[in-house]
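S.K.: Below is work_33.json; it holds JSON, C-alpha atoms.
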```json
[["chain", "number", "residue", "atom", "x", "y", "z"],
["I", 1, "MET", "CA", 15.05, -105.41, -41.41],
["I", 2, "SER", "CA", 16.34, -108.40, -39.44],
["I", 3, "ASP", "CA", 13.65, -108.21, -36.77],
["I", 4, "ASP", "CA", 10.94, -107.48, -39.30],
["I", 5, "PRO", "CA", 7.84, -109.52, -38.41],
["I", 6, "GLY", "CA", 6.38, -109.09, -41.89],
["I", 7, "ASP", "CA", 6.02, -112.82, -42.55],
["I", 8, "GLU", "CA", 4.08, -113.28, -39.34],
["I", 9, "LEU", "CA", 1.75, -110.50, -40.27],
["I", 10, "TRP", "CA", 0.97, -111.90, -43.69],
["I", 11, "SER", "CA", 0.42, -115.45, -42.52],
["I", 12, "ALA", "CA", -1.72, -114.14, -39.67],
["I", 13, "ILE", "CA", -4.16, -112.39, -41.96],
["I", 14, "ALA", "CA", -4.01, -115.01, -44.70],
["I", 15, "ASP", "CA", -6.24, -117.28, -42.61],
["I", 16, "PRO", "CA", -9.96, -116.60, -43.22],
["I", 17, "SER", "CA", -10.99, -117.52, -39.67],
["I", 18, "ARG", "CA", -8.45, -115.13, -38.23],
["I", 19, "ARG", "CA", -9.62, -112.40, -40.56],
["I", 20, "ARG", "CA", -13.10, -112.98, -39.20],
["I", 21, "VAL", "CA", -11.91, -112.57, -35.63],
["I", 22, "LEU", "CA", -9.96, -109.49, -36.65],
["I", 23, "ASP", "CA", -13.00, -108.10, -38.42],
["I", 24, "LEU", "CA", -15.11, -108.51, -35.28],
["I", 25, "LEU", "CA", -12.51, -106.68, -33.22],
["I", 26, "VAL", "CA", -12.33, -103.85, -35.71],
["I", 27, "ARG", "CA", -16.09, -103.39, -35.77],
["I", 28, "GLY", "CA", -16.79, -104.04, -32.11],
["I", 29, "GLY", "CA", -13.77, -102.55, -30.39],
["I", 30, "ALA", "CA", -12.24, -104.37, -27.44],
["I", 31, "ALA", "CA", -13.69, -107.80, -26.68],
["I", 32, "THR", "CA", -13.05, -110.93, -24.64],
["I", 33, "ALA", "CA", -12.40, -114.30, -26.23],
["I", 34, "SER", "CA", -15.74, -115.53, -24.90],
["I", 35, "SER", "CA", -17.76, -112.73, -26.43],
["I", 36, "LEU", "CA", -15.95, -113.19, -29.75],
["I", 37, "ALA", "CA", -16.72, -116.91, -29.66],
["I", 38, "ASN", "CA", -20.45, -116.06, -29.62],
["I", 39, "ASP", "CA", -20.13, -114.50, -33.05],
["I", 40, "VAL", "CA", -18.11, -117.14, -34.90],
["I", 41, "PRO", "CA", -18.83, -120.75, -35.82],
["I", 42, "PHE", "CA", -15.83, -122.08, -33.94],
["I", 43, "THR", "CA", -14.96, -122.69, -30.29],
["I", 44, "ARG", "CA", -13.59, -120.32, -27.70],
["I", 45, "GLN", "CA", -10.37, -122.38, -27.72],
["I", 46, "ALA", "CA", -10.03, -121.79, -31.45],
["I", 47, "VAL", "CA", -10.71, -118.08, -30.97],
["I", 48, "ILE", "CA", -7.95, -117.91, -28.38],
["I", 49, "LYS", "CA", -5.51, -119.62, -30.74],
["I", 50, "HIS", "CA", -6.33, -117.12, -33.46],
["I", 51, "LEU", "CA", -5.95, -114.23, -31.03],
["I", 52, "VAL", "CA", -2.49, -115.45, -30.00],
["I", 53, "VAL", "CA", -1.37, -115.59, -33.64],
["I", 54, "LEU", "CA", -2.79, -112.14, -34.28],
["I", 55, "GLU", "CA", -1.06, -110.89, -31.14],
["I", 56, "GLN", "CA", 2.29, -112.34, -32.24],
["I", 57, "ALA", "CA", 1.87, -110.57, -35.56],
["I", 58, "GLY", "CA", 1.32, -107.31, -33.72],
["I", 59, "LEU", "CA", -2.24, -106.91, -35.00],
["I", 60, "VAL", "CA", -3.90, -107.37, -31.62],
["I", 61, "THR", "CA", -2.99, -106.40, -28.07],
["I", 62, "ARG", "CA", -4.44, -107.66, -24.82],
["I", 63, "SER", "CA", -5.16, -105.89, -21.55],
["I", 64, "ARG", "CA", -6.50, -107.08, -18.24],
["I", 65, "GLU", "CA", -9.56, -105.25, -17.00],
["I", 66, "GLY", "CA", -10.70, -106.61, -13.66],
["I", 67, "ARG", "CA", -11.19, -110.35, -14.10],
["I", 68, "GLU", "CA", -11.40, -110.09, -17.87],
["I", 69, "VAL", "CA", -8.77, -110.15, -20.57],
["I", 70, "ARG", "CA", -9.82, -107.95, -23.42],
["I", 71, "PHE", "CA", -8.34, -107.89, -26.90],
["I", 72, "ARG", "CA", -8.22, -104.96, -29.24],
["I", 73, "VAL", "CA", -6.83, -104.16, -32.68],
["I", 74, "GLU", "CA", -3.50, -102.38, -33.08],
["I", 75, "PRO", "CA", -4.57, -99.82, -35.69],
["I", 76, "ASP", "CA", -1.15, -98.87, -37.07],
["I", 77, "ARG", "CA", -0.30, -102.47, -37.76],
["I", 78, "LEU", "CA", -3.57, -103.17, -39.52],
["I", 79, "ASP", "CA", -3.09, -100.00, -41.49],
["I", 80, "GLN", "CA", 0.28, -101.27, -42.70],
["I", 81, "ALA", "CA", -1.24, -104.50, -43.89],
["I", 82, "THR", "CA", -4.21, -103.06, -45.69],
["I", 83, "ARG", "CA", -2.18, -100.35, -47.35],
["I", 84, "ALA", "CA", 0.47, -102.71, -48.60],
["I", 85, "MET", "CA", -2.18, -105.07, -49.97],
["I", 86, "ALA", "CA", -4.11, -102.28, -51.63],
["I", 87, "GLN", "CA", -0.95, -100.92, -53.18],
["I", 88, "VAL", "CA", -0.04, -104.28, -54.72],
["I", 89, "ALA", "CA", -3.55, -104.62, -56.13],
["I", 90, "ARG", "CA", -3.44, -101.10, -57.58],
["I", 91, "ASP", "CA", -0.05, -101.80, -59.15],
["I", 92, "TRP", "CA", -1.46, -104.86, -60.91],
["I", 93, "ASP", "CA", -4.57, -103.01, -62.08],
["I", 94, "ARG", "CA", -2.34, -100.41, -63.67],
["I", 95, "ARG", "CA", -0.13, -103.04, -65.35],
["I", 96, "LEU", "CA", -3.13, -104.97, -66.64],
["I", 97, "GLU", "CA", -4.53, -101.77, -68.14],
["I", 98, "THR", "CA", -1.25, -101.21, -69.95],
["I", 99, "ILE", "CA", -1.12, -104.81, -71.18],
["I", 100, "LYS", "CA", -4.65, -104.33, -72.51],
["I", 101, "LEU", "CA", -3.67, -101.19, -74.40],
["I", 102, "ILE", "CA", -0.58, -102.81, -75.90],
["I", 103, "ALA", "CA", -2.30, -106.04, -76.91],
["I", 104, "GLU", "CA", -5.33, -104.31, -78.40],
["I", 105, "ALA", "CA", -3.13, -101.93, -80.38],
["I", 106, "ALA", "CA", -1.06, -104.86, -81.66],
["I", 107, "HIS", "CA", -4.22, -106.72, -82.61],
["I", 108, "ARG", "CA", -5.65, -103.76, -84.50],
["I", 109, "GLY", "CA", -2.32, -103.43, -86.26],
["I", 110, "THR", "CA", -2.22, -99.75, -85.53],
["I", 111, "SER", "CA", 1.21, -98.19, -85.64],
["I", 112, "ARG", "CA", 2.07, -96.49, -82.41],
["I", 113, "SER", "CA", 3.69, -93.13, -82.57],
["I", 114, "ASP", "CA", 5.78, -93.27, -79.44],
["T", 1, "MET", "CA", -4.73, -121.60, -54.63],
["T", 2, "THR", "CA", -3.85, -122.09, -51.00],
["T", 3, "MET", "CA", -4.83, -119.67, -48.30],
["T", 4, "SER", "CA", -1.71, -120.40, -46.29],
["T", 5, "ASP", "CA", -0.07, -117.85, -48.54],
["T", 6, "LEU", "CA", -1.40, -114.43, -49.08],
["T", 7, "SER", "CA", -2.49, -113.77, -52.62],
["T", 8, "ILE", "CA", -3.87, -110.96, -54.68],
["T", 9, "GLN", "CA", -5.95, -111.69, -57.73],
["T", 10, "ARG", "CA", -6.83, -109.22, -60.45],
["T", 11, "GLU", "CA", -8.17, -109.62, -63.97],
["T", 12, "ILE", "CA", -9.04, -107.73, -67.10],
["T", 13, "VAL", "CA", -10.81, -108.44, -70.40],
["T", 14, "ILE", "CA", -8.78, -107.63, -73.50],
["T", 15, "ASP", "CA", -10.14, -107.27, -77.03],
["T", 16, "ALA", "CA", -7.40, -109.34, -78.64],
["T", 17, "PRO", "CA", -6.83, -113.07, -79.21],
["T", 18, "ALA", "CA", -4.94, -115.07, -76.59],
["T", 19, "ASP", "CA", -1.80, -115.41, -78.72],
["T", 20, "VAL", "CA", -1.48, -111.62, -78.97],
["T", 21, "VAL", "CA", -1.93, -111.26, -75.20],
["T", 22, "TRP", "CA", 0.55, -114.08, -74.71],
["T", 23, "ARG", "CA", 3.24, -112.24, -76.66],
["T", 24, "THR", "CA", 2.54, -109.08, -74.70],
["T", 25, "ILE", "CA", 3.13, -110.77, -71.37],
["T", 26, "THR", "CA", 6.05, -113.04, -72.32],
["T", 27, "GLU", "CA", 8.27, -111.23, -74.83],
["T", 28, "PRO", "CA", 11.03, -109.26, -73.05],
["T", 29, "ALA", "CA", 10.62, -106.18, -75.26],
["T", 30, "GLN", "CA", 6.88, -106.19, -74.47],
["T", 31, "ILE", "CA", 7.35, -106.75, -70.73],
["T", 32, "GLU", "CA", 9.58, -103.68, -70.72],
["T", 33, "ARG", "CA", 6.58, -101.65, -71.86],
["T", 34, "TRP", "CA", 4.27, -102.53, -68.99],
["T", 35, "PHE", "CA", 6.37, -103.75, -66.08],
["T", 36, "VAL", "CA", 10.10, -103.18, -65.64],
["T", 37, "GLU", "CA", 12.82, -101.30, -67.45],
["T", 38, "ARG", "CA", 15.07, -104.13, -68.62],
["T", 39, "VAL", "CA", 14.12, -107.77, -69.09],
["T", 40, "GLU", "CA", 16.23, -110.83, -69.80],
["T", 41, "LEU", "CA", 14.25, -114.02, -69.92],
["T", 42, "ASP", "CA", 14.83, -117.66, -70.81],
["T", 43, "LEU", "CA", 11.23, -118.55, -71.58],
["T", 44, "GLN", "CA", 11.06, -122.16, -70.44],
["T", 45, "PRO", "CA", 10.18, -123.82, -67.15],
["T", 46, "GLY", "CA", 13.17, -123.42, -64.82],
["T", 47, "GLY", "CA", 14.66, -120.75, -67.07],
["T", 48, "HIS", "CA", 16.44, -117.87, -65.37],
["T", 49, "GLY", "CA", 16.23, -114.19, -66.12],
["T", 50, "THR", "CA", 16.54, -110.72, -64.64],
["T", 51, "PHE", "CA", 14.16, -107.82, -64.20],
["T", 52, "ALA", "CA", 15.84, -104.45, -63.80],
["T", 53, "PHE", "CA", 13.85, -101.54, -62.43],
["T", 54, "THR", "CA", 13.99, -98.49, -60.21],
["T", 55, "ASP", "CA", 12.42, -99.05, -56.83],
["T", 56, "ARG", "CA", 10.21, -96.61, -54.94],
["T", 57, "ALA", "CA", 13.25, -95.15, -53.23],
["T", 58, "GLY", "CA", 14.74, -94.33, -56.63],
["T", 59, "GLU", "CA", 17.37, -97.04, -56.40],
["T", 60, "ALA", "CA", 18.29, -99.25, -59.37],
["T", 61, "VAL", "CA", 17.48, -102.90, -58.65],
["T", 62, "THR", "CA", 18.20, -106.01, -60.71],
["T", 63, "ALA", "CA", 16.05, -108.90, -59.53],
["T", 64, "PRO", "CA", 16.80, -112.47, -60.65],
["T", 65, "ILE", "CA", 13.70, -114.35, -61.65],
["T", 66, "VAL", "CA", 12.95, -118.01, -62.32],
["T", 67, "VAL", "CA", 10.34, -119.08, -64.84],
["T", 68, "GLN", "CA", 7.93, -121.55, -63.33],
["T", 69, "THR", "CA", 5.29, -122.29, -65.98],
["T", 70, "VAL", "CA", 5.22, -121.83, -69.76],
["T", 71, "ASP", "CA", 2.08, -123.17, -71.42],
["T", 72, "ALA", "CA", 1.42, -121.01, -74.48],
["T", 73, "PRO", "CA", -1.00, -119.33, -74.80],
["T", 74, "HIS", "CA", -2.67, -120.34, -71.54],
["T", 75, "ARG", "CA", -0.41, -120.02, -68.51],
["T", 76, "PHE", "CA", 2.78, -118.17, -67.68],
["T", 77, "ALA", "CA", 4.27, -117.99, -64.20],
["T", 78, "PHE", "CA", 7.49, -116.74, -62.73],
["T", 79, "ARG", "CA", 8.98, -116.28, -59.31],
["T", 80, "TRP", "CA", 11.09, -113.44, -58.07],
["T", 81, "GLY", "CA", 12.79, -112.46, -54.84],
["T", 82, "ARG", "CA", 12.18, -108.75, -55.38],
["T", 83, "VAL", "CA", 15.29, -107.89, -53.38],
["T", 84, "ARG", "CA", 18.98, -107.50, -53.44],
["T", 85, "GLY", "CA", 19.98, -109.80, -56.25],
["T", 86, "GLU", "CA", 19.17, -113.09, -54.59],
["T", 87, "LEU", "CA", 17.67, -116.01, -56.44],
["T", 88, "PRO", "CA", 14.02, -116.46, -55.55],
["T", 89, "GLU", "CA", 13.24, -119.30, -53.18],
["T", 90, "PRO", "CA", 9.82, -120.63, -52.24],
["T", 91, "GLY", "CA", 8.91, -118.95, -48.96],
["T", 92, "ASP", "CA", 11.09, -115.96, -49.69],
["T", 93, "SER", "CA", 9.74, -114.84, -53.01],
["T", 94, "VAL", "CA", 6.70, -113.73, -54.91],
["T", 95, "LEU", "CA", 4.99, -115.98, -57.45],
["T", 96, "VAL", "CA", 3.25, -114.23, -60.33],
["T", 97, "GLU", "CA", 0.87, -116.39, -62.36],
["T", 98, "PHE", "CA", -0.92, -115.30, -65.51],
["T", 99, "THR", "CA", -3.89, -117.23, -66.87],
["T", 100, "LEU", "CA", -5.34, -116.47, -70.30],
["T", 101, "SER", "CA", -8.90, -117.58, -71.03],
["T", 102, "PRO", "CA", -10.28, -117.03, -74.54],
["T", 103, "GLU", "CA", -13.77, -115.54, -74.66],
["T", 104, "GLY", "CA", -14.52, -115.98, -78.33],
["T", 105, "ALA", "CA", -11.97, -115.56, -81.10],
["T", 106, "GLU", "CA", -11.11, -111.93, -80.45],
["T", 107, "ARG", "CA", -11.34, -111.55, -76.72],
["T", 108, "THR", "CA", -9.23, -112.82, -73.84],
["T", 109, "ARG", "CA", -9.69, -112.69, -70.10],
["T", 110, "LEU", "CA", -6.30, -112.19, -68.46],
["T", 111, "ARG", "CA", -6.01, -113.00, -64.78],
["T", 112, "VAL", "CA", -2.98, -112.42, -62.60],
["T", 113, "VAL", "CA", -2.43, -113.91, -59.16],
["T", 114, "GLU", "CA", 0.43, -112.70, -57.01],
["T", 115, "THR", "CA", 1.15, -115.07, -54.13],
["T", 116, "GLY", "CA", 3.58, -115.19, -51.27],
["T", 117, "LEU", "CA", 4.00, -111.61, -50.26],
["T", 118, "ASP", "CA", 6.44, -111.34, -47.45],
["T", 119, "ALA", "CA", 8.74, -108.92, -45.72],
["T", 120, "ALA", "CA", 10.58, -108.41, -48.99],
["T", 121, "ALA", "CA", 7.55, -106.62, -50.38],
["T", 122, "TRP", "CA", 7.79, -103.96, -47.70],
["T", 123, "PRO", "CA", 10.53, -101.43, -48.33],
["T", 124, "ASP", "CA", 11.57, -99.73, -45.11],
["T", 125, "ASP", "CA", 10.66, -96.26, -46.33],
["T", 126, "GLU", "CA", 7.10, -97.44, -46.97],
["T", 127, "LYS", "CA", 6.81, -98.90, -43.53],
["T", 128, "SER", "CA", 7.71, -95.63, -41.86],
["T", 129, "ARG", "CA", 5.30, -93.83, -44.13],
["T", 130, "TYR", "CA", 2.49, -96.18, -43.10],
["T", 131, "ALA", "CA", 3.35, -95.76, -39.45],
["T", 132, "ASP", "CA", 2.97, -92.01, -39.75],
["T", 133, "ASP", "CA", -0.52, -92.33, -41.07],
["T", 134, "HIS", "CA", -3.79, -91.67, -39.35],
["T", 135, "ARG", "CA", -5.94, -94.11, -37.44],
["T", 136, "ASN", "CA", -9.35, -93.50, -38.94],
["T", 137, "GLY", "CA", -11.49, -95.21, -41.52],
["T", 138, "TRP", "CA", -11.23, -98.81, -40.30],
["T", 139, "ALA", "CA", -14.54, -99.94, -41.68],
["T", 140, "GLU", "CA", -13.59, -98.75, -45.11],
["T", 141, "LYS", "CA", -10.21, -100.43, -44.90],
["T", 142, "LEU", "CA", -11.70, -103.66, -43.72],
["T", 143, "GLY", "CA", -14.14, -103.56, -46.56],
["T", 144, "ARG", "CA", -11.21, -103.26, -48.88],
["T", 145, "LEU", "CA", -9.42, -106.04, -47.07],
["T", 146, "ALA", "CA", -12.39, -108.34, -47.57],
["T", 147, "GLU", "CA", -12.48, -107.42, -51.22],
["T", 148, "LEU", "CA", -8.80, -108.13, -51.69],
["T", 149, "PHE", "CA", -8.87, -111.55, -50.08],
["T", 150, "PRO", "CA", -11.05, -114.04, -51.92],
["T", 151, "ALA", "CA", -13.42, -115.84, -49.57],
["T", 152, "HIS", "CA", -12.28, -119.25, -48.49],
["T", 153, "ALA", "CA", -14.30, -122.04, -50.10],
["T", 154, "GLY", "CA", -16.32, -123.80, -47.40]]
```
Please re-express this file's structure in structure tokens.
M.R.:
Amino acid sequence: MSDDPGDELWSAIADPSRRRVLDLLVRGGAATASSLANDVPFTRQAVIKHLVVLEQAGLVTRSREGREVRFRVEPDRLDQATRAMAQVARDWDRRLETIKLIAEAAHRGTSRSD
Amino acid sequence: MTMSDLSIQREIVIDAPADVVWRTITEPAQIERWFVERVELDLQPGGHGTFAFTDRAGEAVTAPIVVQTVDAPHRFAFRWGRVRGELPEPGDSVLVEFTLSPEGAERTRLRVVETGLDAAAWPDDEKSRYADDHRNGWAEKLGRLAELFPAHAG
């Protein structure tokens, strides 16, 4: 619990530009900062900054291949993030459905038999 | 809404006037029907309360909450730490904001935004469960990710 990097993960993917970089890596597999910069409306320097934040959050790893440094997604980590987010959203959908049922029943004045 | 925090936004349309929806989401006895098992609530800005519930591990938890906004029947917001009986603090808590928008006399759009997810929202048992999971289906997951995060304006 004490060395949990959860905060880093959330703030890493909360940034839309970083999500874009992450999205490119997920769809395209391993890539260099330069090739990523071709597909986004910001500079290679900005791409590198985003990659470093994503790397610190454990979402991206780097490897040296010849003269190139290639980045790729860490699937387990991304899986954690998407699952936790989806679960929170599902929980709220379920609660909102229940609120709807309760409020509509109260409004109709129907007596509930629970 | 700031994108420096992570937030999840969901909404629903309810066939009831805003004041009925308001009571459903703010009265302790009503909250106990859709959210947690036991509610104590001082319904005013800065008011304290507790939400008692059983977590996913089956453990009884009593979470202190702090009311942030009370603007009947339009906005209700509270903050909670989700964990281990500590008072919620900005940066270490979850903010839940309800917004009620009347759509005619008998219909209300209810929106909820949950902001500030952090490590506290990740019970350890869930983490290990996620780690055991498979590695496939990224495109689908990313699609869901995009759907969950509202696009940044500009």
S.K.: Select, from I:Ser63, I:Gln56, I:Ser17, I:Ser34, the residue with the minimum atom-to-atom distance to chain T, counting all atoms listed in the file.
M.R.: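 Counting all atoms listed in the file, the residue closest to chain T is I:Ser17.
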S.K.: In Å, how far is it from CA of Ile25 (chain T) to CA of Arg83 (chain I)?
M.R.: 26.7 Å
S.K.: Identify which of the residues I:Gly109, I:Arg90, I:Ile99, I:Leu22 lies closest to chain T, counting only C-alpha atoms when measuring atom-to-atom distances.
M.R.: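 Smallest distance to chain T is found for I:Ile99.
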S.K.: Within 10 Å of chain T, which residues belong to chain I? Use only C-alpha atoms and report them as a PyMOL selection string.
M.R.: chain I and resi 1-2+4-17+19-20+22-23+26-27+74-86+88-108
S.K.: Would you please work out which residue, of T:Val36, T:Asp55, T:Thr115, T:Glu97, is nearest to Thr69 (chain T) when using only C-alpha atoms?
M.R.: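 For Thr69 (chain T), the nearest of the candidates is T:Glu97.
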S.K.: Separation of CA of Val66 (chain T) and CA of Phe78 (chain T), in Å?
M.R.: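 Between these atoms lies a distance of 5.6 Å.
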S.K.: In Å to one decimal, how far is CA of Phe76 (chain T) from CA of Pro28 (chain T)?
M.R.: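 Between CA of Pro28 (chain T) and CA of Phe76 (chain T) the gap works out to 13.3 Å.
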S.K.: Just checking: using all atoms listed in the file, which residue out of I:Arg44, I:Ser35, I:Ala30, I:Val73 ends up closest to Ala57 (chain I)?
M.R.: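 Nearest to Ala57 (chain I): I:Val73.
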S.K.: So that I can see what lies close to Ile65 (chain T), please list as a PyMOL selection string the residues with an atom at most 10 Å from it, counting only C-alpha atoms and leaving out residues fewer than 3 positions away in the same chain.
M.R.: chain T and resi 39-42+46-51+62+68+78-82+85-89+93-95
S.K.: Take region 33-54 of chain I, model N, CA and C atoms, and hand the result over as a short mmCIF file (atom, residue, chain, number, x, y, z; two decimals), keeping the file's coordinate frame.
M.R.:
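Saved to result.cif:
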```cif
data_model
loop_
_atom_site.label_atom_id
_atom_site.label_comp_id
_atom_site.auth_asym_id
_atom_site.auth_seq_id
_atom_site.Cartn_x
_atom_site.Cartn_y
_atom_site.Cartn_z
N ALA I 33 -12.34 -113.12 -25.38
CA ALA I 33 -12.40 -114.30 -26.23
C ALA I 33 -13.78 -114.94 -26.19
N SER I 34 -14.41 -114.92 -25.02
CA SER I 34 -15.74 -115.53 -24.90
C SER I 34 -16.79 -114.80 -25.73
N SER I 35 -16.75 -113.48 -25.67
CA SER I 35 -17.76 -112.73 -26.43
C SER I 35 -17.51 -112.89 -27.93
N LEU I 36 -16.25 -112.97 -28.34
CA LEU I 36 -15.95 -113.19 -29.75
C LEU I 36 -16.46 -114.56 -30.20
N ALA I 37 -16.32 -115.54 -29.31
CA ALA I 37 -16.72 -116.91 -29.66
C ALA I 37 -18.22 -116.99 -29.94
N ASN I 38 -19.00 -116.07 -29.36
CA ASN I 38 -20.45 -116.06 -29.62
C ASN I 38 -20.77 -115.70 -31.07
N ASP I 39 -19.84 -115.03 -31.72
CA ASP I 39 -20.13 -114.50 -33.05
C ASP I 39 -19.45 -115.26 -34.17
N VAL I 40 -18.78 -116.36 -33.85
CA VAL I 40 -18.11 -117.14 -34.90
C VAL I 40 -18.49 -118.60 -34.77
N PRO I 41 -18.42 -119.34 -35.86
CA PRO I 41 -18.83 -120.75 -35.82
C PRO I 41 -17.71 -121.67 -35.35
N PHE I 42 -16.82 -121.19 -34.50
CA PHE I 42 -15.83 -122.08 -33.94
C PHE I 42 -15.69 -121.82 -32.44
N THR I 43 -14.96 -122.70 -31.75
CA THR I 43 -14.96 -122.69 -30.29
C THR I 43 -14.14 -121.54 -29.71
N ARG I 44 -14.36 -121.31 -28.42
CA ARG I 44 -13.59 -120.32 -27.70
C ARG I 44 -12.10 -120.66 -27.75
N GLN I 45 -11.79 -121.97 -27.64
CA GLN I 45 -10.37 -122.38 -27.72
C GLN I 45 -9.77 -121.97 -29.06
N ALA I 46 -10.53 -122.16 -30.13
CA ALA I 46 -10.03 -121.79 -31.45
C ALA I 46 -9.86 -120.27 -31.55
N VAL I 47 -10.81 -119.55 -30.97
CA VAL I 47 -10.71 -118.08 -30.97
C VAL I 47 -9.43 -117.64 -30.27
N ILE I 48 -9.15 -118.27 -29.13
CA ILE I 48 -7.95 -117.91 -28.38
C ILE I 48 -6.69 -118.18 -29.20
N LYS I 49 -6.66 -119.32 -29.89
CA LYS I 49 -5.51 -119.62 -30.74
C LYS I 49 -5.32 -118.55 -31.81
N HIS I 50 -6.42 -118.17 -32.42
CA HIS I 50 -6.33 -117.12 -33.46
C HIS I 50 -5.84 -115.80 -32.86
N LEU I 51 -6.35 -115.49 -31.67
CA LEU I 51 -5.95 -114.23 -31.03
C LEU I 51 -4.45 -114.23 -30.72
N VAL I 52 -3.93 -115.37 -30.32
CA VAL I 52 -2.49 -115.45 -30.00
C VAL I 52 -1.67 -115.21 -31.26
N VAL I 53 -2.09 -115.81 -32.38
CA VAL I 53 -1.37 -115.59 -33.64
C VAL I 53 -1.45 -114.13 -34.06
N LEU I 54 -2.62 -113.55 -33.92
CA LEU I 54 -2.79 -112.14 -34.28
C LEU I 54 -1.95 -111.25 -33.36
#
```
